[in-house]
Amino acid sequence: VQIGCKSEFRGRQGRMAIYVGNKTDTFFSSVKVHLPDTPGVRTQLGQPLLSVGAKQQGAQSLMVEATGSLSNVPTMSIVISEAVQIGCKSEFRGRQGRMAIYVGNKTDTFFSSVKVHLPDTPGVRTQLGQPLLSVGAKQQGAQSLMVEATGSLSNVPTMSIVI
């Protein structure tokens with residue numbers, strides 16, 4: 001499974017695309033992107049991503065608008081075939097922020113190879129915390145990340161999670 005996220009924001013409004021790559025020979029028949037209500041944030045999901053074919057990629061688009069001050073950090077989770085759940089929490093102040101990427105293993109199998117990858121992007125400096133290398137059966141792991149905008153962006157930053 002590979003998860004990617006692209007986002008673009010201007011002022012209080014933005015758009016995001018969440019990509020789910022199925023690198024297996026199995027059809028993912030139950031894919032769900034969940035965004036709980038968060039005071040201060042309005043979200044609108046595009047056409048729902050319901051399934052992803054074997055060796056294929058699907059995308060979920062969403063529009064985001066800040067409507068006021070945030071009292072809680074917004075969260076998002078992705079559930080794939082009741083086996084893997086990916087979550088993200090982020091908090092930004094000005095040009096700097098921190099993120100936590102959560103990988104939930106809902107299976108009885110140990111995930112022995114987990115990788116969070118952030119390619120170099122001009123205008124953005126990132127620093128990964130302690131690497132998340134594996135996630136035990138029926139457990140959750142987290143990858144922390146510090147982010148700083150250092151200049152104008154010519155490309156939208158991307159992140160991928162490979163399990």
# chains A, B, ... in the order shown; residues from 1 in each chain; ligands from 1
$ select_by_dssp --residues "stretch 3-128 of chain A" --states "strand (DSSP E or B)" --output "ChimeraX atom specification"
/A:3-10,13-21,28,31-34,38,41-45,52,57-66,75-80,84-93,96-105,111,115-117,121,124-128
$ residues_around --residues "A:Phe27" --least-positions-apart "4" --cutoff "7 Å" --atoms "only C-alpha atoms" --output "list in words"
Val52, Gly53 and Ala54 of chain A
$ residues_around --residues "A:Thr24" --least-positions-apart "6" --cutoff "12 Å" --atoms "only C-alpha atoms" --output "ChimeraX atom specification"
/A:1-2,52-57,162-163
$ write_last_selection --atoms "N, CA, C and O atoms" --output "PDB file, in the first residue's frame"
ATOM      1  N   VAL A   1       0.851  -1.178   0.000  1.00  0.00           N
ATOM      2  CA  VAL A   1       0.000   0.000   0.000  1.00  0.00           C
ATOM      3  C   VAL A   1       0.889   1.232   0.000  1.00  0.00           C
ATOM      4  O   VAL A   1       1.867   1.297   0.745  1.00  0.00           O
ATOM      5  N   GLN A   2       0.564   2.188  -0.840  1.00  0.00           N
ATOM      6  CA  GLN A   2       1.288   3.452  -0.855  1.00  0.00           C
ATOM      7  C   GLN A   2       0.263   4.578  -0.749  1.00  0.00           C
ATOM      8  O   GLN A   2      -0.711   4.603  -1.493  1.00  0.00           O
ATOM      9  N   VAL A  52     -10.057   0.313  -4.836  1.00  0.00           N
ATOM     10  CA  VAL A  52      -8.858   0.474  -5.649  1.00  0.00           C
ATOM     11  C   VAL A  52      -8.493  -0.905  -6.185  1.00  0.00           C
ATOM     12  O   VAL A  52      -8.309  -1.849  -5.410  1.00  0.00           O
ATOM     13  N   GLY A  53      -8.392  -1.010  -7.502  1.00  0.00           N
ATOM     14  CA  GLY A  53      -8.069  -2.284  -8.123  1.00  0.00           C
ATOM     15  C   GLY A  53      -6.647  -2.730  -7.845  1.00  0.00           C
ATOM     16  O   GLY A  53      -5.796  -1.948  -7.405  1.00  0.00           O
ATOM     17  N   ALA A  54      -6.392  -3.999  -8.123  1.00  0.00           N
ATOM     18  CA  ALA A  54      -5.055  -4.554  -7.958  1.00  0.00           C
ATOM     19  C   ALA A  54      -4.079  -3.817  -8.866  1.00  0.00           C
ATOM     20  O   ALA A  54      -4.383  -3.531 -10.017  1.00  0.00           O
ATOM     21  N   LYS A  55      -2.908  -3.454  -8.305  1.00  0.00           N
ATOM     22  CA  LYS A  55      -1.848  -2.758  -9.048  1.00  0.00           C
ATOM     23  C   LYS A  55      -2.323  -1.435  -9.644  1.00  0.00           C
ATOM     24  O   LYS A  55      -1.845  -1.000 -10.673  1.00  0.00           O
ATOM     25  N   GLN A  56      -3.282  -0.781  -8.980  1.00  0.00           N
ATOM     26  CA  GLN A  56      -3.812   0.490  -9.457  1.00  0.00           C
ATOM     27  C   GLN A  56      -3.750   1.535  -8.350  1.00  0.00           C
ATOM     28  O   GLN A  56      -3.409   1.248  -7.212  1.00  0.00           O
ATOM     29  N   GLN A  57      -4.102   2.774  -8.711  1.00  0.00           N
ATOM     30  CA  GLN A  57      -4.119   3.891  -7.772  1.00  0.00           C
ATOM     31  C   GLN A  57      -5.467   4.591  -7.853  1.00  0.00           C
ATOM     32  O   GLN A  57      -6.035   4.729  -8.924  1.00  0.00           O
ATOM     33  N   VAL A 162       4.873   3.801   2.354  1.00  0.00           N
ATOM     34  CA  VAL A 162       4.923   2.481   1.737  1.00  0.00           C
ATOM     35  C   VAL A 162       4.931   1.436   2.853  1.00  0.00           C
ATOM     36  O   VAL A 162       5.731   1.531   3.781  1.00  0.00           O
ATOM     37  N   ILE A 163       4.026   0.467   2.748  1.00  0.00           N
ATOM     38  CA  ILE A 163       3.909  -0.599   3.747  1.00  0.00           C
ATOM     39  C   ILE A 163       4.178  -1.925   3.056  1.00  0.00           C
ATOM     40  O   ILE A 163       3.582  -2.224   2.063  1.00  0.00           O
TER      41      ILE A 163
END
$ closest_residue --among "A:Val135, A:Cys88, A:Val79, A:Leu153" --to "A:Ile101" --atoms "only C-alpha atoms"
A:Cys88
$ residues_around --residues "A:Pro119" --least-positions-apart "4" --cutoff "12 Å" --atoms "only C-alpha atoms" --output "PyMOL selection string"
chain A and resi 4+124-128+155-161
$ residues_around --residues "A:Gly58" --least-positions-apart "3" --cutoff "8 Å" --atoms "only C-alpha atoms" --output "JSON, numbers by chain"
{"A": [19, 20, 21, 49, 51, 52]}
$ write_last_selection --atoms "C-alpha atoms" --output "PDB file, in the first residue's frame"
ATOM      1  CA  TYR A  19      -3.744   9.000  -3.311  1.00  0.00           C
ATOM      2  CA  VAL A  20      -4.061   5.320  -2.406  1.00  0.00           C
ATOM      3  CA  GLY A  21      -1.767   3.016  -4.385  1.00  0.00           C
ATOM      4  CA  LEU A  49     -13.036   6.756  -3.253  1.00  0.00           C
ATOM      5  CA  SER A  51     -12.277   0.838  -4.034  1.00  0.00           C
ATOM      6  CA  VAL A  52      -8.858   0.474  -5.649  1.00  0.00           C
TER       7      VAL A  52
END
$ closest_residue --among "A:Thr150, A:Thr38, A:Gln139, A:Ser144" --to "A:Ala66" --atoms "only C-alpha atoms"
A:Thr38
$ closest_residue --among "A:Pro36, A:Gly123, A:Gly68, A:Gly46" --to "A:Arg95" --atoms "only C-alpha atoms"
A:Gly123
$ atom_distance --atom1 "atom CA of A:Phe28" --atom2 "atom CA of A:Leu133"
23.8 Å
$ closest_residue --among "A:Gly141, A:Ile80, A:Gly136, A:Asp108" --to "A:Asn22" --atoms "only C-alpha atoms"
A:Ile80
$ closest_atom_pairs --of "stretch 31-110 of chain A" --to "stretch 8-17 of chain A" --cutoff "12 Å" --atoms "only C-alpha atoms" --output "tab-separated table"
residue	atom	partner	partner_atom	distance
A:Val33	CA	A:Ala17	CA	11.0
A:Gly40	CA	A:Arg12	CA	10.7
A:Val41	CA	A:Arg12	CA	9.5
A:Arg42	CA	A:Gln13	CA	9.5
A:Thr43	CA	A:Arg15	CA	9.4
A:Gln44	CA	A:Arg15	CA	9.5
A:Leu45	CA	A:Met16	CA	9.5
A:Gly46	CA	A:Ala17	CA	9.5
A:Gln47	CA	A:Ala17	CA	11.4
A:Pro48	CA	A:Ala17	CA	11.7
A:Leu49	CA	A:Ala17	CA	11.0
A:Gly58	CA	A:Ala17	CA	10.0
A:Ala59	CA	A:Ala17	CA	6.4
A:Gln60	CA	A:Ala17	CA	5.6
A:Ser61	CA	A:Ala17	CA	4.4
A:Leu62	CA	A:Met16	CA	5.3
A:Met63	CA	A:Arg15	CA	4.5
A:Val64	CA	A:Gly14	CA	5.1
A:Glu65	CA	A:Gln13	CA	4.4
A:Ala66	CA	A:Arg12	CA	5.0
A:Thr67	CA	A:Arg12	CA	7.6
A:Gly68	CA	A:Arg12	CA	9.3
A:Ser69	CA	A:Arg12	CA	11.2
A:Met76	CA	A:Met16	CA	11.8
A:Gly94	CA	A:Gly11	CA	11.6
$ closest_residue --among "A:Met146, A:Val31, A:Ala100, A:Ile3" --to "A:Val114" --atoms "only C-alpha atoms"
A:Ile3
$ residues_around --residues "A:Arg93" --least-positions-apart "3" --cutoff "12 Å" --atoms "only C-alpha atoms" --output "PyMOL selection string"
chain A and resi 69-70+73+90+96-99+146-149
